[in-house]
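See below for coords_22.txt, which holds compact mmCIF, C-alpha atoms.
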# COMPACT_ATOMS: atom_id res chain seq x y z
CA MET A 1 53.15 -31.35 42.74
CA VAL A 2 52.12 -34.68 44.32
CA GLY A 3 50.41 -32.73 47.10
CA GLN A 4 48.53 -30.68 44.50
CA VAL A 5 47.26 -33.77 42.68
CA HIS A 6 46.13 -35.35 45.95
CA GLU A 7 44.36 -32.15 47.03
CA VAL A 8 42.59 -31.79 43.68
CA GLU A 9 41.43 -35.43 43.63
CA GLN A 10 40.20 -35.33 47.22
CA THR A 11 38.02 -32.28 46.72
CA GLY A 12 36.26 -33.63 43.62
CA LEU A 13 37.31 -30.46 41.87
CA LEU A 14 38.11 -32.14 38.56
CA ASP A 15 34.53 -33.33 38.02
CA GLU A 16 33.19 -29.96 39.18
CA VAL A 17 35.32 -27.87 36.80
CA ARG A 18 34.68 -30.24 33.89
CA LYS A 19 30.92 -29.80 34.38
CA GLU A 20 31.15 -26.04 34.95
CA SER A 21 33.28 -25.68 31.81
CA ALA A 22 30.79 -27.64 29.70
CA ASP A 23 27.93 -25.54 31.09
CA ALA A 24 29.80 -22.33 30.23
CA ALA A 25 30.52 -23.60 26.71
CA ARG A 26 26.84 -24.42 26.11
CA GLN A 27 25.75 -21.00 27.39
CA LEU A 28 28.32 -19.17 25.24
CA MET A 29 27.40 -21.27 22.17
CA GLU A 30 23.80 -20.09 22.52
CA ALA A 31 24.48 -16.46 23.44
CA ALA A 32 27.09 -15.92 20.71
CA LYS A 33 25.25 -18.05 18.12
CA LEU A 34 28.49 -19.85 17.36
CA ARG A 35 28.72 -21.85 14.14
CA LYS A 36 30.98 -24.55 12.75
CA GLY A 37 34.42 -23.21 11.88
CA GLN A 38 34.36 -20.28 14.32
CA ILE A 39 36.99 -19.79 17.03
CA VAL A 40 36.58 -19.26 20.78
CA VAL A 41 39.65 -17.91 22.57
CA VAL A 42 40.04 -19.23 26.12
CA GLY A 43 42.39 -17.85 28.72
CA CYS A 44 42.59 -19.82 31.94
CA SER A 45 44.40 -19.49 35.24
CA THR A 46 44.27 -22.87 36.95
CA SER A 47 45.81 -21.15 39.98
CA GLU A 48 42.68 -18.98 40.29
CA VAL A 49 40.42 -22.01 39.72
CA VAL A 50 41.91 -23.75 42.77
CA GLY A 51 41.72 -20.59 44.89
CA HIS A 52 45.24 -19.19 44.57
CA LYS A 53 46.72 -16.03 43.03
CA VAL A 54 47.15 -16.13 39.24
CA GLY A 55 50.48 -17.69 38.24
CA SER A 56 51.22 -19.14 41.68
CA TYR A 57 49.74 -22.67 41.66
CA SER A 58 49.69 -24.15 38.16
CA THR A 59 47.58 -27.32 38.17
CA PRO A 60 47.83 -29.43 34.98
CA GLU A 61 45.01 -31.81 35.98
CA VAL A 62 42.63 -28.88 36.35
CA GLY A 63 43.75 -27.44 33.00
CA GLN A 64 42.99 -30.77 31.33
CA ALA A 65 39.59 -31.07 33.05
CA ILE A 66 38.59 -27.57 31.92
CA PHE A 67 39.77 -28.27 28.38
CA ASP A 68 37.83 -31.57 28.34
CA GLY A 69 34.64 -29.86 29.54
CA LEU A 70 34.86 -27.11 26.92
CA HIS A 71 35.85 -29.47 24.14
CA SER A 72 32.93 -31.80 24.93
CA VAL A 73 30.63 -29.00 23.73
CA PHE A 74 32.69 -27.04 21.20
CA GLY A 75 34.25 -30.08 19.50
CA PRO A 76 31.03 -31.76 18.29
CA ALA A 77 29.75 -28.35 17.10
CA GLY A 78 32.88 -27.81 14.99
CA VAL A 79 33.89 -24.72 16.99
CA TYR A 80 37.64 -24.40 17.53
CA ILE A 81 39.25 -23.61 20.88
CA ALA A 82 42.18 -21.19 20.78
CA ALA A 83 44.05 -21.59 24.08
CA GLN A 84 45.76 -18.42 25.21
CA CYS A 85 49.14 -18.89 26.83
CA CYS A 86 50.23 -16.85 29.83
CA GLU A 87 52.31 -13.69 29.82
CA HIS A 88 55.58 -15.69 29.83
CA LEU A 89 54.81 -16.62 26.22
CA ASN A 90 53.42 -13.16 25.41
CA ARG A 91 49.86 -14.55 25.41
CA ALA A 92 50.54 -16.67 22.32
CA ILE A 93 47.72 -18.90 21.05
CA ILE A 94 47.61 -22.68 20.71
CA VAL A 95 45.04 -23.87 18.16
CA GLU A 96 44.34 -26.67 15.68
CA GLN A 97 46.25 -25.96 12.47
CA GLU A 98 43.14 -26.47 10.30
CA ALA A 99 41.40 -23.59 12.10
CA VAL A 100 43.93 -20.99 10.95
CA PRO A 101 45.00 -21.52 7.33
CA GLY A 102 47.21 -18.69 6.19
CA TYR A 103 48.20 -17.58 9.71
CA GLU A 104 51.92 -17.35 10.41
CA ILE A 105 52.89 -19.92 13.03
CA VAL A 106 55.58 -19.51 15.66
CA ASN A 107 57.64 -22.13 17.44
CA VAL A 108 56.87 -22.70 21.11
CA VAL A 109 55.56 -25.59 23.18
CA PRO A 110 53.66 -24.42 26.27
CA GLN A 111 54.44 -25.86 29.70
CA PRO A 112 52.41 -25.54 32.93
CA LYS A 113 54.61 -22.74 34.32
CA ALA A 114 55.55 -21.20 30.97
CA GLY A 115 52.43 -21.08 28.87
CA SER A 116 49.72 -22.26 31.28
CA SER A 117 48.33 -25.62 32.30
CA PHE A 118 45.27 -25.03 30.09
CA ALA A 119 47.30 -24.21 26.95
CA THR A 120 49.53 -27.21 27.70
CA ALA A 121 46.45 -29.46 27.87
CA ALA A 122 45.23 -28.05 24.56
CA TYR A 123 48.63 -28.56 22.92
CA HIS A 124 48.77 -32.21 24.00
CA THR A 125 45.11 -32.92 23.09
CA PHE A 126 44.86 -31.25 19.66
CA ARG A 127 45.58 -33.46 16.63
CA HIS A 128 47.82 -30.86 14.90
CA PRO A 129 48.56 -28.03 17.35
CA VAL A 130 50.23 -24.84 16.20
CA ALA A 131 51.26 -21.70 18.04
CA LEU A 132 50.38 -18.22 16.80
CA GLU A 133 51.24 -14.79 18.11
CA GLU A 134 47.66 -13.66 17.64
CA VAL A 135 44.22 -14.70 16.45
CA LYS A 136 40.96 -12.83 15.93
CA ALA A 137 38.35 -15.00 17.64
CA ASP A 138 34.56 -14.89 17.39
CA ALA A 139 33.95 -15.30 21.13
CA GLY A 140 35.92 -15.81 24.31
CA LEU A 141 36.03 -17.16 27.83
CA ASP A 142 38.32 -15.64 30.45
CA VAL A 143 38.78 -17.91 33.47
CA GLY A 144 40.43 -16.05 36.32
CA GLY A 145 41.31 -12.68 34.78
CA THR A 146 43.72 -13.66 32.00
CA LEU A 147 42.87 -10.74 29.68
CA ILE A 148 41.76 -12.30 26.37
CA GLY A 149 40.59 -9.07 24.70
CA MET A 150 43.64 -8.78 22.44
CA HIS A 151 42.53 -11.97 20.66
CA LEU A 152 38.91 -11.01 19.92
CA LYS A 153 37.61 -9.49 16.69
CA HIS A 154 36.18 -5.98 16.85
CA VAL A 155 33.66 -5.27 18.37
CA ALA A 156 33.68 -7.31 21.60
CA VAL A 157 30.38 -7.46 23.51
CA PRO A 158 30.23 -8.75 27.12
CA VAL A 159 28.08 -11.85 27.65
CA ARG A 160 26.65 -12.57 31.08
CA LEU A 161 26.58 -16.32 31.64
CA ALA A 162 24.63 -18.05 34.41
CA GLN A 163 27.83 -20.08 34.90
CA ASN A 164 29.96 -17.18 36.17
CA HIS A 165 32.69 -19.15 37.96
CA ILE A 166 34.81 -22.18 37.24
CA GLY A 167 36.02 -23.48 40.56
CA GLU A 168 37.04 -20.39 42.52
CA ALA A 169 37.85 -18.34 39.40
CA ILE A 170 35.60 -15.63 38.04
CA LEU A 171 34.41 -16.43 34.51
CA LEU A 172 33.91 -13.62 31.99
CA ALA A 173 32.61 -14.18 28.47
CA ALA A 174 32.39 -12.18 25.27
CA ARG A 175 31.04 -12.42 21.76
CA VAL A 176 31.77 -10.17 18.82
CA ARG A 177 29.65 -8.27 16.34
CA PRO A 178 30.45 -6.35 13.16
CA LYS A 179 31.22 -2.64 13.55
CA PHE A 180 28.28 -0.29 13.04
CA ILE A 181 29.12 2.33 10.41
CA GLY A 182 27.18 5.11 8.73
CA GLY A 183 25.78 7.19 11.57
CA ASP A 184 22.19 8.37 12.10
CA ARG A 185 20.87 7.56 8.62
CA ALA A 186 22.29 4.03 8.48
CA ILE A 187 20.05 0.98 8.70
CA TYR A 188 21.51 -2.10 10.36
CA ASP A 189 20.87 -5.81 9.93
CA GLU A 190 19.26 -6.86 13.21
CA ASN A 191 20.61 -10.41 12.81
CA LEU A 192 24.20 -9.13 13.14
CA LYS A 193 23.82 -7.22 16.41
If you convert what's in this file into structure tokens, what do you get?
Amino acid sequence: MVGQVHEVEQTGLLDEVRKESADAARQLMEAAKLRKGQIVVVGCSTSEVVGHKVGSYSTPEVGQAIFDGLHSVFGPAGVYIAAQCCEHLNRAIIVEQEAVPGYEIVNVVPQPKAGSSFATAAYHTFRHPVALEEVKADAGLDVGGTLIGMHLKHVAVPVRLAQNHIGEAILLAARVRPKFIGGDRAIYDENLK
């Protein structure tokens, strides 16, 4: 791990991913028209961010830098981050308790190699973190192919961001919209598309 920290600090990667994360958050805020109280699910492979295969090179400092960049935008806007854990915790969610009243919480504390470095950073940064088995988020960011779709409301719509990588990891984004019902005769509210 000491070698990882030294490598990350030498490359200036922490500042780079913090900035890229903040840029992605700003772009998603605008594209998804996010409002106070809404939830953005974020899945993140720090291994992919530093150029390694998912799950092979967990890097807590990178997870914290990405969280800090995202939170610097979402936090002041009142938008909650829901940090998706890795497959070892069945993609559980770590979120601020106030964001999910009425949700059933579960008992787990994520760790860098059992939950993800990003979810661990979220858990240790949130004021009152709780773990959930699932959430239905209003938008999402997938850093490095972590498969966040199970935690998005229906209907998910891909969002193309100018910021399409964080570090070496591919960045995918999504927003949601209400389902269209009624068929050919239906009239839809253009503001909800």
For CA of Leu192 (chain A) and CA of Gly149 (chain A), the interatomic separation in Å (one decimal): 20.1 Å
Which residue gives the smallest distance to Leu171 (chain A) among A:Glu96, A:Glu30, A:Glu48, A:Asp142, with all atoms listed in the file counted? A:Asp142
For Arg35 (chain A), which of A:Leu14, A:Ala162, A:Ala139, A:Leu89 is the closest residue, counting all atoms listed in the file?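 The closest residue to Arg35 (chain A) is A:Ala139.
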Expressed in Å, the length from CA of Ala169 (chain A) to CA of Ser72 (chain A) is 20.4 Å
The residues within 6 Å of (44.3, -18.2, 25.1), using only C-alpha atoms and the coordinates of the file, should be reported as number ranges by chain; which are they? A: 41-43, 82-85, 93
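Every protein or nucleic acid residue with an atom no more than 12 Å from Gln111 (chain A), counting all atoms listed in the file and leaving out same-chain residues fewer than 2 positions away, appears here: Ser58, Thr59, Pro60, Gly63, Cys85, Cys86, His88, Leu89, Ile94, Val108, Val109, Lys113, Ala114, Gly115, Ser116, Ser117, Phe118, Ala119, Thr120, Ala121, Ala122, Tyr123 and His124 of chain A.
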One decimal, in Å: what's the spacing between CA of Val135 (chain A) and CA of His165 (chain A)?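 If I compute the distance from CA of Val135 (chain A) to CA of His165 (chain A), I get 24.8 Å.
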Skipping near chain neighbours, those fewer than 4 positions away, what residues fall within 12 Å of Val106 (chain A) using only C-alpha atoms, listed as a compact mmCIF listing (two decimals) with C-alpha atoms, in the coordinates of the input?
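Dumped to selection-v3.txt:
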# COMPACT_ATOMS: atom_id res chain seq x y z
CA LEU A 89 54.81 -16.62 26.22
CA ASN A 90 53.42 -13.16 25.41
CA ALA A 92 50.54 -16.67 22.32
CA ILE A 93 47.72 -18.90 21.05
CA ILE A 94 47.61 -22.68 20.71
CA VAL A 95 45.04 -23.87 18.16
CA GLN A 97 46.25 -25.96 12.47
CA PRO A 110 53.66 -24.42 26.27
CA PRO A 129 48.56 -28.03 17.35
CA VAL A 130 50.23 -24.84 16.20
CA ALA A 131 51.26 -21.70 18.04
CA LEU A 132 50.38 -18.22 16.80
CA GLU A 133 51.24 -14.79 18.11
CA GLU A 134 47.66 -13.66 17.64
Given the choices A:Gln64, A:Ser47, A:Lys179, A:Ala31, which gets closest to Pro158 (chain A) if the distance is worked out from all atoms listed in the file?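 Of A:Gln64, A:Ser47, A:Lys179, A:Ala31, the one nearest Pro158 (chain A) is A:Ala31, counting all atoms listed in the file.
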Set the distance at 8 Å and use all atoms listed in the file: which residues neighbour Lys153 (chain A) once local chain neighbours fewer than 5 positions away are removed? I'd like the list as a list in words.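 Residues meeting the cut-off are Lys136, Ala137, Asp138 and Val176 of chain A.
With all atoms listed in the file as the atoms that count, the minimum distance from His52 (chain A) to the choices A:Gly75, A:Gly69, A:Gly37, A:Gly144 is reached by A:Gly144.
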Using only C-alpha atoms for the distances, tell me which of A:Cys44, A:Ile39, A:Ala32, A:Leu172 is nearest to Leu152 (chain A).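 Among the listed residues, A:Ile39 lies closest to Leu152 (chain A).
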From the set A:Ala65, A:Arg177, A:Tyr57, A:Val143, which residue has the shortest atom-to-atom contact distance to Ala156 (chain A), counting all atoms listed in the file?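 Closest to Ala156 (chain A) of all the choices is A:Arg177.
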Since the input lacks atoms, please generate N, CA and C atoms for region 71-103 of chain A and provide them as a CSV table (one decimal), in the frame of the given file.
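See rebuild-v4.csv below for the written result:
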chain,number,residue,atom,x,y,z
A,71,HIS,N,35.8,-28.7,25.4
A,71,HIS,CA,35.8,-29.5,24.1
A,71,HIS,C,34.7,-30.4,23.9
A,72,SER,N,34.1,-30.9,25.0
A,72,SER,CA,32.9,-31.8,24.9
A,72,SER,C,31.7,-31.1,24.3
A,73,VAL,N,31.7,-29.8,24.3
A,73,VAL,CA,30.6,-29.0,23.7
A,73,VAL,C,31.1,-28.4,22.4
A,74,PHE,N,32.2,-27.7,22.4
A,74,PHE,CA,32.7,-27.0,21.2
A,74,PHE,C,33.1,-28.0,20.1
A,75,GLY,N,33.8,-29.1,20.5
A,75,GLY,CA,34.2,-30.1,19.5
A,75,GLY,C,33.2,-30.6,18.6
A,76,PRO,N,32.1,-31.2,19.1
A,76,PRO,CA,31.0,-31.8,18.3
A,76,PRO,C,30.3,-30.7,17.4
A,77,ALA,N,30.4,-29.4,17.9
A,77,ALA,CA,29.8,-28.4,17.1
A,77,ALA,C,30.7,-27.8,16.0
A,78,GLY,N,31.9,-28.3,16.0
A,78,GLY,CA,32.9,-27.8,15.0
A,78,GLY,C,33.4,-26.4,15.3
A,79,VAL,N,33.3,-26.0,16.5
A,79,VAL,CA,33.9,-24.7,17.0
A,79,VAL,C,35.3,-25.0,17.6
A,80,TYR,N,36.3,-24.2,17.1
A,80,TYR,CA,37.6,-24.4,17.5
A,80,TYR,C,37.9,-23.6,18.8
A,81,ILE,N,38.7,-24.3,19.7
A,81,ILE,CA,39.2,-23.6,20.9
A,81,ILE,C,40.6,-23.1,20.5
A,82,ALA,N,40.9,-21.8,20.9
A,82,ALA,CA,42.2,-21.2,20.8
A,82,ALA,C,42.6,-20.9,22.2
A,83,ALA,N,43.6,-21.7,22.7
A,83,ALA,CA,44.0,-21.6,24.1
A,83,ALA,C,45.1,-20.5,24.2
A,84,GLN,N,44.8,-19.5,25.0
A,84,GLN,CA,45.8,-18.4,25.2
A,84,GLN,C,46.8,-18.8,26.2
A,85,CYS,N,48.1,-18.6,25.9
A,85,CYS,CA,49.1,-18.9,26.8
A,85,CYS,C,49.3,-17.7,27.8
A,86,CYS,N,50.1,-17.9,28.8
A,86,CYS,CA,50.2,-16.8,29.8
A,86,CYS,C,51.2,-15.8,29.3
A,87,GLU,N,51.5,-14.8,30.2
A,87,GLU,CA,52.3,-13.7,29.8
A,87,GLU,C,53.7,-14.1,29.5
A,88,HIS,N,54.2,-15.2,30.1
A,88,HIS,CA,55.6,-15.7,29.8
A,88,HIS,C,55.8,-16.1,28.4
A,89,LEU,N,54.7,-16.4,27.7
A,89,LEU,CA,54.8,-16.6,26.2
A,89,LEU,C,54.1,-15.5,25.4
A,90,ASN,N,54.0,-14.3,26.0
A,90,ASN,CA,53.4,-13.2,25.4
A,90,ASN,C,52.0,-13.4,24.9
A,91,ARG,N,51.3,-14.2,25.7
A,91,ARG,CA,49.9,-14.6,25.4
A,91,ARG,C,49.7,-15.1,24.0
A,92,ALA,N,50.7,-16.0,23.6
A,92,ALA,CA,50.5,-16.7,22.3
A,92,ALA,C,49.3,-17.6,22.4
A,93,ILE,N,48.9,-18.1,21.2
A,93,ILE,CA,47.7,-18.9,21.0
A,93,ILE,C,48.1,-20.3,20.6
A,94,ILE,N,47.5,-21.3,21.2
A,94,ILE,CA,47.6,-22.7,20.7
A,94,ILE,C,46.3,-23.1,20.1
A,95,VAL,N,46.3,-23.6,18.9
A,95,VAL,CA,45.0,-23.9,18.2
A,95,VAL,C,45.3,-25.0,17.2
A,96,GLU,N,44.2,-25.7,16.7
A,96,GLU,CA,44.3,-26.7,15.7
A,96,GLU,C,44.8,-26.0,14.4
A,97,GLN,N,45.7,-26.6,13.7
A,97,GLN,CA,46.2,-26.0,12.5
A,97,GLN,C,45.1,-25.7,11.4
A,98,GLU,N,44.2,-26.6,11.3
A,98,GLU,CA,43.1,-26.5,10.3
A,98,GLU,C,42.2,-25.3,10.5
A,99,ALA,N,42.2,-24.7,11.8
A,99,ALA,CA,41.4,-23.6,12.1
A,99,ALA,C,42.0,-22.3,11.6
A,100,VAL,N,43.3,-22.3,11.3
A,100,VAL,CA,43.9,-21.0,11.0
A,100,VAL,C,44.8,-21.1,9.7
A,101,PRO,N,44.2,-21.5,8.6
A,101,PRO,CA,45.0,-21.5,7.3
A,101,PRO,C,45.5,-20.1,7.0
A,102,GLY,N,46.7,-20.0,6.6
A,102,GLY,CA,47.2,-18.7,6.2
A,102,GLY,C,47.8,-17.9,7.3
A,103,TYR,N,47.6,-18.3,8.6
A,103,TYR,CA,48.2,-17.6,9.7
A,103,TYR,C,49.7,-18.0,9.8
